[in-house]
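Quick notes on the structure that follows.
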Amino acid sequence: MLPRNELEVIASLFPDKELKTIKEIQKNCGYSYERVYSAVLSLRKKNILELKKYGNVIVAGVNYNSDFALLGFVHYAINRKLNFYAEQKNILYGGELSKGGVSKVADSDQISECIRKAENLNSEFLSVIDVSTKPKNKITFFYIGDKKLETELLGLEYKYNVRLGSVKGSMEILKDPSNVKYREGVILKGFENFFTSFYYNK
């Protein structure tokens, strides 16, 4: 197992494939320059990071063939998912009130619960590619798997009074670096599938 600071350094290099300077890594993971530099050197010795030097500037990139690269990506993706759920809690979803004073749209707790229910549906890969609140709450998912997922999402739509859109895709879409919208979605399940498709280069 890796020390936490080393795991955080690897995670800070995702989701982009670009090389990052020590200062950029420091900014992303919040450690001191010295601690990041020490972690980077240790990760290079373990063949998890690759380093290059341009003048006095050291840049680092992930060796995606390392098993620890997947661990770093999963750490990044899970933290992003948890932050996404926390953000939903902080959004006030407005809507018209019925005559009885009851909101006609879901509140933020219901939105989060709806997304969690979708996360448990059967699919190889599922991510949120858009959440909008106007003119009505709408969540758009990208998924890989059986098309019956769309019917199951329709059931959640009725239950939670939230519009749910879905885009059925394939691994080929994830492999294409020009599909930024899909690459930058919040992954709910299928972390390893995404990593294998987009990063792994054996």
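By convention in this document, the chains of the structure tokens carry letters A, B, ... by their order, each chain's residues are numbered from 1, and ligands are numbered from 1 in the order they are shown.
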Contact residues around region 25-37 of chain A with only C-alpha atoms at 10 Å, ignoring same-chain residues under 5 positions, as a list in words: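 So, after excluding close chain neighbours, the residues are Asn5, Glu6, Leu7, Glu8, Val9, Ile10, Ala11, Ser12, Leu13, Phe14, Leu19, Lys20, Ser42, Leu43, Ile58, Val59 and Ala60 of chain A.
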Save out the residues we just selected, N, CA and C atoms, as a PDB file, in the first residue's frame.
ATOM      1  N   ASN A   5       0.291  10.490   1.202  1.00  0.00           N
ATOM      2  CA  ASN A   5       0.760  11.624   0.397  1.00  0.00           C
ATOM      3  C   ASN A   5       1.125  11.185  -1.021  1.00  0.00           C
ATOM      4  N   GLU A   6       1.653   9.972  -1.172  1.00  0.00           N
ATOM      5  CA  GLU A   6       1.981   9.482  -2.509  1.00  0.00           C
ATOM      6  C   GLU A   6       0.710   9.193  -3.309  1.00  0.00           C
ATOM      7  N   LEU A   7      -0.286   8.621  -2.642  1.00  0.00           N
ATOM      8  CA  LEU A   7      -1.562   8.363  -3.312  1.00  0.00           C
ATOM      9  C   LEU A   7      -2.210   9.671  -3.765  1.00  0.00           C
ATOM     10  N   GLU A   8      -2.147  10.698  -2.911  1.00  0.00           N
ATOM     11  CA  GLU A   8      -2.721  12.002  -3.261  1.00  0.00           C
ATOM     12  C   GLU A   8      -1.975  12.628  -4.449  1.00  0.00           C
ATOM     13  N   VAL A   9      -0.661  12.435  -4.493  1.00  0.00           N
ATOM     14  CA  VAL A   9       0.127  12.973  -5.614  1.00  0.00           C
ATOM     15  C   VAL A   9      -0.301  12.305  -6.923  1.00  0.00           C
ATOM     16  N   ILE A  10      -0.454  10.986  -6.917  1.00  0.00           N
ATOM     17  CA  ILE A  10      -0.908  10.294  -8.140  1.00  0.00           C
ATOM     18  C   ILE A  10      -2.289  10.805  -8.536  1.00  0.00           C
ATOM     19  N   ALA A  11      -3.205  10.879  -7.567  1.00  0.00           N
ATOM     20  CA  ALA A  11      -4.579  11.324  -7.854  1.00  0.00           C
ATOM     21  C   ALA A  11      -4.599  12.729  -8.429  1.00  0.00           C
ATOM     22  N   SER A  12      -3.658  13.574  -7.999  1.00  0.00           N
ATOM     23  CA  SER A  12      -3.634  14.968  -8.464  1.00  0.00           C
ATOM     24  C   SER A  12      -3.269  15.088  -9.936  1.00  0.00           C
ATOM     25  N   LEU A  13      -2.760  14.011 -10.522  1.00  0.00           N
ATOM     26  CA  LEU A  13      -2.367  14.037 -11.939  1.00  0.00           C
ATOM     27  C   LEU A  13      -3.519  13.655 -12.866  1.00  0.00           C
ATOM     28  N   PHE A  14      -4.660  13.301 -12.298  1.00  0.00           N
ATOM     29  CA  PHE A  14      -5.855  12.988 -13.092  1.00  0.00           C
ATOM     30  C   PHE A  14      -6.805  14.179 -13.070  1.00  0.00           C
ATOM     31  N   LEU A  19       1.526  16.293 -18.578  1.00  0.00           N
ATOM     32  CA  LEU A  19       2.526  16.318 -17.515  1.00  0.00           C
ATOM     33  C   LEU A  19       2.305  17.561 -16.660  1.00  0.00           C
ATOM     34  N   LYS A  20       2.631  17.449 -15.374  1.00  0.00           N
ATOM     35  CA  LYS A  20       2.441  18.586 -14.460  1.00  0.00           C
ATOM     36  C   LYS A  20       3.739  18.874 -13.712  1.00  0.00           C
ATOM     37  N   SER A  42       9.964   9.304  -4.761  1.00  0.00           N
ATOM     38  CA  SER A  42       9.661   7.954  -4.297  1.00  0.00           C
ATOM     39  C   SER A  42       8.821   7.195  -5.328  1.00  0.00           C
ATOM     40  N   LEU A  43       7.839   7.877  -5.918  1.00  0.00           N
ATOM     41  CA  LEU A  43       6.974   7.245  -6.918  1.00  0.00           C
ATOM     42  C   LEU A  43       7.734   6.921  -8.199  1.00  0.00           C
ATOM     43  N   ILE A  58      11.032  20.391 -13.314  1.00  0.00           N
ATOM     44  CA  ILE A  58      10.733  18.953 -13.351  1.00  0.00           C
ATOM     45  C   ILE A  58       9.235  18.780 -13.576  1.00  0.00           C
ATOM     46  N   VAL A  59       8.887  17.926 -14.522  1.00  0.00           N
ATOM     47  CA  VAL A  59       7.474  17.619 -14.764  1.00  0.00           C
ATOM     48  C   VAL A  59       7.263  16.124 -14.559  1.00  0.00           C
ATOM     49  N   ALA A  60       6.072  15.779 -14.114  1.00  0.00           N
ATOM     50  CA  ALA A  60       5.755  14.381 -13.807  1.00  0.00           C
ATOM     51  C   ALA A  60       4.503  13.934 -14.547  1.00  0.00           C
TER      52      ALA A  60
END
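Here CA of Gln110 (chain A) stands at a distance of 15.4 Å from CA of Leu154 (chain A).
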DSSP alpha helix (DSSP H) residues within region 34-177 of chain A, listed as a VMD selection string: chain A and resid 34 to 45 67 to 89 108 to 119 148 to 160 171 to 175
Selected residue of minimal separation from Lys17 (chain A) among A:Ser127, A:Asn63, A:Asn193, A:Ser170, counting only C-alpha atoms: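 Under the stated criterion, the closest residue is A:Asn63.
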Point-to-point distance from CA of Gly61 (chain A) to CA of Glu124 (chain A), Å rounded to tenths: 27.9 Å
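With only C-alpha atoms as the atoms that count, the residue of A:Lys189, A:His75, A:Lys53, A:Lys117 with the shortest distance to Leu156 (chain A) is A:Lys117.
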Å distance separating CA of Lys45 (chain A) from CA of Arg80 (chain A), one decimal place: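 These two atoms are separated by 28.0 Å.
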Strand (DSSP E or B) positions in region 22-201 of chain A, given as number ranges by chain: A: 49-54, 57-62, 97, 103, 125-132, 138-144, 163-168, 186-189
Those residues with N, CA, C and O atoms, as a short mmCIF file (atom, residue, chain, number, x, y, z; two decimals), in the first residue's frame please?
data_model
loop_
_atom_site.label_atom_id
_atom_site.label_comp_id
_atom_site.auth_asym_id
_atom_site.auth_seq_id
_atom_site.Cartn_x
_atom_site.Cartn_y
_atom_site.Cartn_z
N LEU A 49 5.51 6.88 -11.44
CA LEU A 49 5.56 8.16 -12.16
C LEU A 49 6.77 8.18 -13.09
O LEU A 49 7.79 7.54 -12.82
N GLU A 50 6.62 8.96 -14.16
CA GLU A 50 7.73 9.22 -15.06
C GLU A 50 8.07 10.70 -14.96
O GLU A 50 7.16 11.54 -14.94
N LEU A 51 9.36 11.01 -14.84
CA LEU A 51 9.79 12.40 -14.70
C LEU A 51 10.60 12.84 -15.91
O LEU A 51 11.34 12.06 -16.51
N LYS A 52 10.43 14.12 -16.25
CA LYS A 52 11.24 14.76 -17.28
C LYS A 52 11.70 16.10 -16.75
O LYS A 52 11.04 16.69 -15.89
N LYS A 53 12.80 16.55 -17.28
CA LYS A 53 13.33 17.83 -16.82
C LYS A 53 13.51 18.75 -18.02
O LYS A 53 14.11 18.38 -19.02
N TYR A 54 12.96 19.95 -17.92
CA TYR A 54 13.10 20.99 -18.94
C TYR A 54 13.79 22.17 -18.28
O TYR A 54 13.15 22.93 -17.55
N VAL A 57 13.04 22.94 -14.56
CA VAL A 57 11.67 22.54 -14.22
C VAL A 57 11.50 21.03 -14.39
O VAL A 57 11.78 20.47 -15.45
N ILE A 58 11.03 20.39 -13.31
CA ILE A 58 10.73 18.95 -13.35
C ILE A 58 9.23 18.78 -13.58
O ILE A 58 8.42 19.42 -12.91
N VAL A 59 8.89 17.93 -14.52
CA VAL A 59 7.47 17.62 -14.76
C VAL A 59 7.26 16.12 -14.56
O VAL A 59 8.17 15.31 -14.79
N ALA A 60 6.07 15.78 -14.11
CA ALA A 60 5.75 14.38 -13.81
C ALA A 60 4.50 13.93 -14.55
O ALA A 60 3.59 14.72 -14.79
N GLY A 61 4.49 12.67 -14.90
CA GLY A 61 3.32 12.06 -15.52
C GLY A 61 3.15 10.65 -14.98
O GLY A 61 4.09 10.05 -14.46
N VAL A 62 1.97 10.12 -15.13
CA VAL A 62 1.65 8.79 -14.59
C VAL A 62 2.10 7.71 -15.56
O VAL A 62 1.91 7.82 -16.77
N LEU A 97 -45.04 26.37 -6.17
CA LEU A 97 -45.74 25.67 -5.10
C LEU A 97 -47.16 25.34 -5.54
O LEU A 97 -47.80 26.12 -6.24
N SER A 103 -43.91 21.87 -2.89
CA SER A 103 -43.11 22.11 -4.09
C SER A 103 -43.41 21.06 -5.14
O SER A 103 -43.56 19.89 -4.83
N PHE A 125 -20.92 0.85 -17.02
CA PHE A 125 -20.35 2.17 -16.74
C PHE A 125 -21.49 3.17 -16.66
O PHE A 125 -22.45 3.11 -17.43
N LEU A 126 -21.40 4.09 -15.68
CA LEU A 126 -22.44 5.12 -15.53
C LEU A 126 -21.80 6.39 -15.01
O LEU A 126 -21.05 6.37 -14.04
N SER A 127 -22.08 7.49 -15.69
CA SER A 127 -21.58 8.78 -15.22
C SER A 127 -22.65 9.85 -15.42
O SER A 127 -23.58 9.68 -16.21
N VAL A 128 -22.53 10.92 -14.65
CA VAL A 128 -23.41 12.09 -14.82
C VAL A 128 -22.67 13.07 -15.70
O VAL A 128 -21.57 13.51 -15.38
N ILE A 129 -23.27 13.41 -16.84
CA ILE A 129 -22.61 14.36 -17.74
C ILE A 129 -23.24 15.75 -17.71
O ILE A 129 -22.67 16.69 -18.23
N ASP A 130 -24.40 15.86 -17.05
CA ASP A 130 -25.00 17.19 -16.92
C ASP A 130 -26.06 17.19 -15.82
O ASP A 130 -26.82 16.24 -15.69
N VAL A 131 -26.06 18.26 -15.04
CA VAL A 131 -27.12 18.51 -14.06
C VAL A 131 -27.56 19.94 -14.25
O VAL A 131 -26.75 20.87 -14.18
N SER A 132 -28.83 20.14 -14.55
CA SER A 132 -29.34 21.50 -14.73
C SER A 132 -30.54 21.71 -13.82
O SER A 132 -31.23 20.76 -13.45
N LYS A 138 -32.94 18.58 -14.21
CA LYS A 138 -32.68 17.51 -15.17
C LYS A 138 -31.28 16.97 -14.95
O LYS A 138 -30.33 17.73 -14.80
N ILE A 139 -31.18 15.65 -14.93
CA ILE A 139 -29.90 14.97 -14.81
C ILE A 139 -29.72 14.13 -16.06
O ILE A 139 -30.62 13.40 -16.46
N THR A 140 -28.55 14.25 -16.68
CA THR A 140 -28.27 13.46 -17.88
C THR A 140 -27.14 12.49 -17.58
O THR A 140 -26.07 12.89 -17.11
N PHE A 141 -27.39 11.22 -17.85
CA PHE A 141 -26.42 10.16 -17.61
C PHE A 141 -25.83 9.67 -18.93
O PHE A 141 -26.49 9.68 -19.96
N PHE A 142 -24.58 9.23 -18.87
CA PHE A 142 -23.96 8.49 -19.96
C PHE A 142 -23.75 7.08 -19.42
O PHE A 142 -23.26 6.92 -18.30
N TYR A 143 -24.15 6.08 -20.20
CA TYR A 143 -23.99 4.72 -19.69
C TYR A 143 -23.57 3.76 -20.79
O TYR A 143 -23.75 4.01 -21.98
N ILE A 144 -22.98 2.66 -20.34
CA ILE A 144 -22.64 1.54 -21.21
C ILE A 144 -23.30 0.32 -20.59
O ILE A 144 -23.10 0.04 -19.40
N ARG A 163 -36.46 15.15 -14.18
CA ARG A 163 -36.26 14.72 -15.57
C ARG A 163 -34.90 14.03 -15.67
O ARG A 163 -33.88 14.57 -15.23
N LEU A 164 -34.89 12.83 -16.24
CA LEU A 164 -33.65 12.07 -16.41
C LEU A 164 -33.41 11.80 -17.88
O LEU A 164 -34.26 11.20 -18.55
N GLY A 165 -32.29 12.26 -18.38
CA GLY A 165 -31.90 11.97 -19.75
C GLY A 165 -30.79 10.93 -19.74
O GLY A 165 -30.10 10.76 -18.74
N SER A 166 -30.63 10.22 -20.83
CA SER A 166 -29.55 9.22 -20.89
C SER A 166 -28.98 9.14 -22.29
O SER A 166 -29.68 9.33 -23.28
N VAL A 167 -27.69 8.87 -22.35
CA VAL A 167 -26.99 8.66 -23.61
C VAL A 167 -26.32 7.30 -23.53
O VAL A 167 -25.46 7.08 -22.67
N LYS A 168 -26.75 6.37 -24.40
CA LYS A 168 -26.12 5.05 -24.41
C LYS A 168 -24.88 5.12 -25.27
O LYS A 168 -24.91 5.68 -26.37
N VAL A 186 -19.02 12.94 -14.12
CA VAL A 186 -18.77 12.40 -12.78
C VAL A 186 -19.08 10.91 -12.81
O VAL A 186 -20.23 10.51 -12.98
N ILE A 187 -18.05 10.09 -12.66
CA ILE A 187 -18.22 8.65 -12.77
C ILE A 187 -18.89 8.11 -11.50
O ILE A 187 -18.41 8.35 -10.39
N LEU A 188 -19.99 7.40 -11.69
CA LEU A 188 -20.70 6.78 -10.57
C LEU A 188 -20.30 5.32 -10.40
O LEU A 188 -20.21 4.82 -9.30
N LYS A 189 -20.08 4.63 -11.52
CA LYS A 189 -19.63 3.24 -11.46
C LYS A 189 -18.88 2.91 -12.75
O LYS A 189 -19.10 3.54 -13.78
#
